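Chemist: Structure in structure tokens, see below.
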Amino acid sequence: MADITKEQVLETLKTVRGPDLEHNIVELGMVSDVFISDGKVYFSITVPAERAKDLEPMRLAAERVIKEMPGVKGALVALTADKKAGAPVARPAPAQAAPHGHSHPHGQQQPPRAAKIGVPGVKAIIAVASGKGGVGKSTTAVNLALGLLANGLRVGILDADIYGPSMPRLLKISGRPTQIDGRIINPMENYGLKVMSMGFLVEEETAMIWRGPMVQSALLQMLREVAWGELDVLVVDMPPGTGDVQLTMAQQVPLAGAVIVSTPQDLALIDARKGLNMFRKVEVPVLGIVENMSYFIAPDTGARYDIFGHGGARKEAERIGVPFLGEVPLTMGIRETSDAGTPLVAAEPNGIVANIYREIAAKVWRQVEGTPQRAAPSIVFE
């Protein structure tokens, strides 16, 4: 059978009525770009934020008709309320007093700040981010997660790098996850960590072509349509930079905080500031900075060399007033165990570097405990 096409999907979706019950969701411009991979169809439907819960049956109807198409192995459909999209959005109400008797300056009506929708069973979500690639962020995220686990917590890790997922390799996991009732995905698992990555669902080369709304849809479904179970903390390995994934996570997920990974060099620190400033702008607490590759330990003599400079991240943390979480050395062991899919905290749990990661994990968790959930900025995802 020939591969399913976007045109066939859109034609099928014309059978789904929109909120006005007169026109279909395609005619109303509510359907995002359609992405098809390995017989699975991914798209989102844009709806007014205040009607998202009411329109869940519409989402289910769209998902059902696509799953019934010949040649379709599965469908992941999300409701999104991105007001920048072309879908119909309710007109704002006339200006009036804000809740609790507070008025907005200059008479402007501010959009309501909806509560961020959490992940069932997950107590806290921590983002691990960097301003640029090549600083060891994913390796840090994995070992931080294993450090939290070693400290007695129930931990999962989400690989949010849609474009270049690395968790399958770093955690030595292969294969495809199973599904419950054709929708909820069971996470993969290794070393006691529950793991989800786009690398388990589509080939890496395919994932790299994802853009805009589909990134948002795929990421939030990996968060909320995975059977994480009861977790104390979910560590999210963010892609480098400040693009779609970072904004989606910062704006629409109740993050307990973000950990910024940098190397000692000035260039890396300049890039790290970009990520740090983004989280601050969207009111996500910055839990601190980790200086990765802080110094090099020679494998033959054990001598220490500051080949990348040293202390830059600590100085930067002090300058901007955020916690400094620790210095992680560059050792042959970290590189070798990462490449082999046996992270150092799991491979050498009593080693010097593993203890450093456990101390970083303890500092992070002390800050996370008791962090209140925060309201989301104006973009809302259901």
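How things are named: the first chain in the structure tokens is A, the next is B, and so on; residues count from 1 in each chain; ligands count from 1 in the order shown.
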Would you mind listing what lies within 12 Å of Glu336 in chain A as a PyMOL selection string, with only C-alpha atoms counted and same-chain residues fewer than 5 positions away left out?

Modeler: chain A and resi 139+170+330-331+341-344+347

Chemist: Print the selection's residues with C-alpha atoms to a file, as a compact mmCIF listing (two decimals), in the first residue's frame.

Modeler:
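File produced: again.txt:
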```txt
# COMPACT_ATOMS: atom_id res chain seq x y z
CA THR A 139 25.77 13.93 29.79
CA LEU A 170 23.61 7.67 26.47
CA LEU A 330 36.70 16.30 32.17
CA THR A 331 37.97 12.75 32.55
CA GLY A 341 25.82 4.07 27.29
CA THR A 342 26.97 3.42 30.86
CA PRO A 343 26.85 6.84 32.61
CA LEU A 344 29.54 7.39 35.22
CA ALA A 347 29.21 2.72 36.21
```

Chemist: When you look at range 123-129 of chain A with a cut-off of 8 Å (counting only C-alpha atoms), what residues show up, excluding the ones that are within fewer than 2 positions of it in the same chain? I need them as an mmCIF file with C-alpha atoms, in the first residue's frame.

Modeler:
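Now in around_22.cif:
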```cif
data_model
loop_
_atom_site.group_PDB
_atom_site.id
_atom_site.type_symbol
_atom_site.label_atom_id
_atom_site.label_comp_id
_atom_site.auth_asym_id
_atom_site.auth_seq_id
_atom_site.Cartn_x
_atom_site.Cartn_y
_atom_site.Cartn_z
ATOM 1 C CA GLY A 121 2.145 11.556 39.117
ATOM 2 C CA GLY A 131 23.137 28.294 25.510
ATOM 3 C CA LYS A 137 24.582 19.164 28.656
ATOM 4 C CA ALA A 141 21.393 15.719 32.521
ATOM 5 C CA LEU A 231 7.962 10.270 40.173
ATOM 6 C CA ASP A 232 9.560 12.705 42.593
ATOM 7 C CA VAL A 233 11.312 14.455 39.735
ATOM 8 C CA LEU A 234 11.395 14.429 35.948
ATOM 9 C CA VAL A 235 14.623 15.750 34.435
ATOM 10 C CA VAL A 236 14.176 17.294 30.972
ATOM 11 C CA ASP A 237 17.238 17.382 28.719
ATOM 12 C CA MET A 238 16.642 20.480 26.591
ATOM 13 C CA PRO A 239 18.207 21.089 23.188
ATOM 14 C CA PRO A 240 20.870 23.809 23.171
ATOM 15 C CA GLY A 241 19.882 27.415 22.549
ATOM 16 C CA PRO A 254 5.136 23.962 35.501
ATOM 17 C CA LEU A 255 8.918 23.821 35.748
ATOM 18 C CA ALA A 256 10.297 23.726 39.269
ATOM 19 C CA GLY A 257 13.428 25.313 37.853
ATOM 20 C CA ALA A 258 16.235 25.163 35.327
ATOM 21 C CA VAL A 259 19.870 24.069 35.600
ATOM 22 C CA ILE A 260 22.246 25.843 33.201
ATOM 23 C CA VAL A 261 25.297 23.921 31.954
ATOM 24 C CA GLY A 275 19.356 30.627 28.146
ATOM 25 C CA VAL A 368 13.136 22.289 44.367
#
```

Chemist: Quick one: pull the distance between CA of Thr263 in chain A and CA of His310 in chain A, Å, one decimal.

Modeler: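 Separation of CA of Thr263 in chain A and CA of His310 in chain A: 8.6 Å.
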
Chemist: In terms of the shortest atom-to-atom distance over only C-alpha atoms, which of A:Arg366, A:Pro19, A:Pro264, A:Lys40 is closest to Asp54 in chain A?

Modeler: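 Comparing A:Arg366, A:Pro19, A:Pro264, A:Lys40 against Asp54 in chain A, the winner is A:Pro19.
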
Chemist: Among range 123-232 of chain A, which ones does DSSP assign to strand (DSSP E) (computed from the backbone)? Answer as a list of chain:residue names.

Modeler: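 Assigned to strand (DSSP E), within range 123-232 of chain A: A:Lys123, A:Ala124, A:Ile125, A:Ile126, A:Ala127, A:Val128, A:Ala129, A:Val155, A:Gly156, A:Ile157, A:Leu158, A:Asp159, A:Gln179, A:Ile180, A:Ile184, A:Ile185, A:Met188, A:Glu189, A:Asn190, A:Leu193, A:Lys194, A:Val195, A:Met196, A:Ser197, A:Leu231, A:Asp232.
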
Chemist: Take the residues just selected and output them with N, CA and C atoms as a PDB file, in the first residue's frame.

Modeler:
```
ATOM      1  N   LYS A 123       5.951  14.985  40.643  1.00  0.00           N
ATOM      2  CA  LYS A 123       5.934  16.068  41.631  1.00  0.00           C
ATOM      3  C   LYS A 123       6.679  17.309  41.159  1.00  0.00           C
ATOM      4  N   ALA A 124       7.813  17.137  40.483  1.00  0.00           N
ATOM      5  CA  ALA A 124       8.618  18.290  40.078  1.00  0.00           C
ATOM      6  C   ALA A 124       9.282  18.005  38.735  1.00  0.00           C
ATOM      7  N   ILE A 125       9.376  19.045  37.902  1.00  0.00           N
ATOM      8  CA  ILE A 125      10.023  18.936  36.594  1.00  0.00           C
ATOM      9  C   ILE A 125      11.177  19.931  36.550  1.00  0.00           C
ATOM     10  N   ILE A 126      12.360  19.429  36.206  1.00  0.00           N
ATOM     11  CA  ILE A 126      13.567  20.253  36.160  1.00  0.00           C
ATOM     12  C   ILE A 126      14.119  20.242  34.738  1.00  0.00           C
ATOM     13  N   ALA A 127      14.379  21.406  34.183  1.00  0.00           N
ATOM     14  CA  ALA A 127      14.985  21.508  32.853  1.00  0.00           C
ATOM     15  C   ALA A 127      16.496  21.639  32.985  1.00  0.00           C
ATOM     16  N   VAL A 128      17.228  20.936  32.144  1.00  0.00           N
ATOM     17  CA  VAL A 128      18.684  21.095  32.056  1.00  0.00           C
ATOM     18  C   VAL A 128      18.971  21.712  30.692  1.00  0.00           C
ATOM     19  N   ALA A 129      19.566  22.905  30.697  1.00  0.00           N
ATOM     20  CA  ALA A 129      19.686  23.685  29.470  1.00  0.00           C
ATOM     21  C   ALA A 129      21.096  24.227  29.301  1.00  0.00           C
ATOM     22  N   VAL A 155      12.904   8.857  39.775  1.00  0.00           N
ATOM     23  CA  VAL A 155      13.339   9.804  38.745  1.00  0.00           C
ATOM     24  C   VAL A 155      13.029   9.284  37.337  1.00  0.00           C
ATOM     25  N   GLY A 156      12.620  10.227  36.483  1.00  0.00           N
ATOM     26  CA  GLY A 156      12.496   9.956  35.058  1.00  0.00           C
ATOM     27  C   GLY A 156      13.286  10.995  34.296  1.00  0.00           C
ATOM     28  N   ILE A 157      13.566  10.726  33.022  1.00  0.00           N
ATOM     29  CA  ILE A 157      14.271  11.702  32.195  1.00  0.00           C
ATOM     30  C   ILE A 157      13.606  11.761  30.823  1.00  0.00           C
ATOM     31  N   LEU A 158      13.325  12.982  30.371  1.00  0.00           N
ATOM     32  CA  LEU A 158      12.724  13.208  29.062  1.00  0.00           C
ATOM     33  C   LEU A 158      13.750  13.868  28.163  1.00  0.00           C
ATOM     34  N   ASP A 159      13.988  13.259  27.025  1.00  0.00           N
ATOM     35  CA  ASP A 159      14.896  13.812  26.024  1.00  0.00           C
ATOM     36  C   ASP A 159      14.077  14.761  25.153  1.00  0.00           C
ATOM     37  N   GLN A 179       2.492   0.684  23.872  1.00  0.00           N
ATOM     38  CA  GLN A 179       1.421   1.635  24.131  1.00  0.00           C
ATOM     39  C   GLN A 179       0.285   0.982  24.895  1.00  0.00           C
ATOM     40  N   ILE A 180      -0.436   1.815  25.651  1.00  0.00           N
ATOM     41  CA  ILE A 180      -1.615   1.368  26.380  1.00  0.00           C
ATOM     42  C   ILE A 180      -2.837   1.902  25.652  1.00  0.00           C
ATOM     43  N   ILE A 184      -1.540   5.997  25.261  1.00  0.00           N
ATOM     44  CA  ILE A 184      -0.568   6.280  26.308  1.00  0.00           C
ATOM     45  C   ILE A 184       0.661   5.397  26.097  1.00  0.00           C
ATOM     46  N   ILE A 185       1.840   6.014  26.165  1.00  0.00           N
ATOM     47  CA  ILE A 185       3.088   5.304  25.894  1.00  0.00           C
ATOM     48  C   ILE A 185       3.753   4.883  27.199  1.00  0.00           C
ATOM     49  N   MET A 188      10.531   3.823  28.340  1.00  0.00           N
ATOM     50  CA  MET A 188      11.605   2.839  28.394  1.00  0.00           C
ATOM     51  C   MET A 188      12.303   2.971  29.745  1.00  0.00           C
ATOM     52  N   GLU A 189      13.180   2.045  30.087  1.00  0.00           N
ATOM     53  CA  GLU A 189      13.817   2.109  31.407  1.00  0.00           C
ATOM     54  C   GLU A 189      15.202   1.477  31.366  1.00  0.00           C
ATOM     55  N   ASN A 190      16.132   2.109  32.076  1.00  0.00           N
ATOM     56  CA  ASN A 190      17.453   1.528  32.308  1.00  0.00           C
ATOM     57  C   ASN A 190      18.083   2.213  33.511  1.00  0.00           C
ATOM     58  N   LEU A 193      16.077   4.440  35.803  1.00  0.00           N
ATOM     59  CA  LEU A 193      15.460   5.659  35.292  1.00  0.00           C
ATOM     60  C   LEU A 193      14.368   5.309  34.285  1.00  0.00           C
ATOM     61  N   LYS A 194      13.226   5.996  34.366  1.00  0.00           N
ATOM     62  CA  LYS A 194      12.225   5.921  33.309  1.00  0.00           C
ATOM     63  C   LYS A 194      12.587   6.963  32.256  1.00  0.00           C
ATOM     64  N   VAL A 195      12.538   6.556  30.985  1.00  0.00           N
ATOM     65  CA  VAL A 195      13.099   7.390  29.922  1.00  0.00           C
ATOM     66  C   VAL A 195      12.129   7.484  28.748  1.00  0.00           C
ATOM     67  N   MET A 196      11.997   8.707  28.202  1.00  0.00           N
ATOM     68  CA  MET A 196      11.266   8.873  26.948  1.00  0.00           C
ATOM     69  C   MET A 196      12.064   9.801  26.041  1.00  0.00           C
ATOM     70  N   SER A 197      12.105   9.445  24.753  1.00  0.00           N
ATOM     71  CA  SER A 197      12.863  10.218  23.769  1.00  0.00           C
ATOM     72  C   SER A 197      12.220  10.054  22.404  1.00  0.00           C
ATOM     73  N   LEU A 231       6.575   9.803  40.179  1.00  0.00           N
ATOM     74  CA  LEU A 231       7.962  10.270  40.173  1.00  0.00           C
ATOM     75  C   LEU A 231       8.115  11.465  41.107  1.00  0.00           C
ATOM     76  N   ASP A 232       9.239  11.507  41.816  1.00  0.00           N
ATOM     77  CA  ASP A 232       9.560  12.705  42.593  1.00  0.00           C
ATOM     78  C   ASP A 232      10.032  13.815  41.668  1.00  0.00           C
TER      79      ASP A 232
END
```

Chemist: So which residues touch Arg358 in chain A within 7 Å, counting only C-alpha atoms, skipping near sequence neighbours fewer than 4 positions away, as a PyMOL selection string?

Modeler: chain A and resi 147-148+151+354+362

Chemist: Export, as a PDB file, in the first residue's frame, the selected residues with N, CA and C atoms.

Modeler:
```pdb
ATOM      1  N   GLY A 147      22.143  10.911  39.773  1.00  0.00           N
ATOM      2  CA  GLY A 147      22.497  11.412  41.095  1.00  0.00           C
ATOM      3  C   GLY A 147      21.270  11.583  41.981  1.00  0.00           C
ATOM      4  N   LEU A 148      20.191  12.113  41.412  1.00  0.00           N
ATOM      5  CA  LEU A 148      18.930  12.241  42.157  1.00  0.00           C
ATOM      6  C   LEU A 148      18.411  10.867  42.549  1.00  0.00           C
ATOM      7  N   ASN A 151      20.316   9.442  45.349  1.00  0.00           N
ATOM      8  CA  ASN A 151      19.979  10.113  46.602  1.00  0.00           C
ATOM      9  C   ASN A 151      18.613   9.701  47.142  1.00  0.00           C
ATOM     10  N   ALA A 354      31.192  10.710  40.371  1.00  0.00           N
ATOM     11  CA  ALA A 354      29.840  10.345  40.779  1.00  0.00           C
ATOM     12  C   ALA A 354      29.436  11.098  42.046  1.00  0.00           C
ATOM     13  N   ALA A 362      21.892  16.922  45.078  1.00  0.00           N
ATOM     14  CA  ALA A 362      21.379  17.286  46.405  1.00  0.00           C
ATOM     15  C   ALA A 362      21.109  18.787  46.491  1.00  0.00           C
TER      16      ALA A 362
END
```

Chemist: Name the closest residue to Met222 in chain A among the candidates A:Val353, A:Ala150, A:Met69, A:Val77; distances are taken between atoms, counting only C-alpha atoms.

Modeler: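 Selected residue with least distance to Met222 in chain A: A:Val77.
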
Chemist: Quick one, how far is CA of Leu153 in chain A from CA of Thr178 in chain A?

Modeler: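 Going from CA of Leu153 in chain A over to CA of Thr178 in chain A, I get 24.9 Å.
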
Chemist: Which polymer residues have any atom within 7 Å of an atom of Arg59 in chain A, counting only C-alpha atoms, with same-chain residues fewer than 3 positions away left out, as a ChimeraX atom specification?

Modeler: /A:55-56,62-63,77-79

Chemist: Could you dump the residues just selected with C-alpha atoms as a PDB file, in the first residue's frame?

Modeler:
```pdb
ATOM      1  CA  LEU A  55     -13.382  20.774  22.737  1.00  0.00           C
ATOM      2  CA  GLU A  56     -11.658  17.560  23.844  1.00  0.00           C
ATOM      3  CA  ALA A  62     -10.074  13.858  14.752  1.00  0.00           C
ATOM      4  CA  GLU A  63      -7.775  11.231  16.228  1.00  0.00           C
ATOM      5  CA  VAL A  77      -3.329  14.690  18.065  1.00  0.00           C
ATOM      6  CA  ALA A  78      -3.067  17.597  20.480  1.00  0.00           C
ATOM      7  CA  LEU A  79      -5.140  20.678  21.234  1.00  0.00           C
TER       8      LEU A  79
END
```

Chemist: Restricting the calculation to only C-alpha atoms: of A:Val119, A:Val290, A:Leu223, A:Leu201, which residue gets closest to Tyr42 in chain A?

Modeler: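 Distance minimum relative to Tyr42 in chain A lands on A:Leu201.
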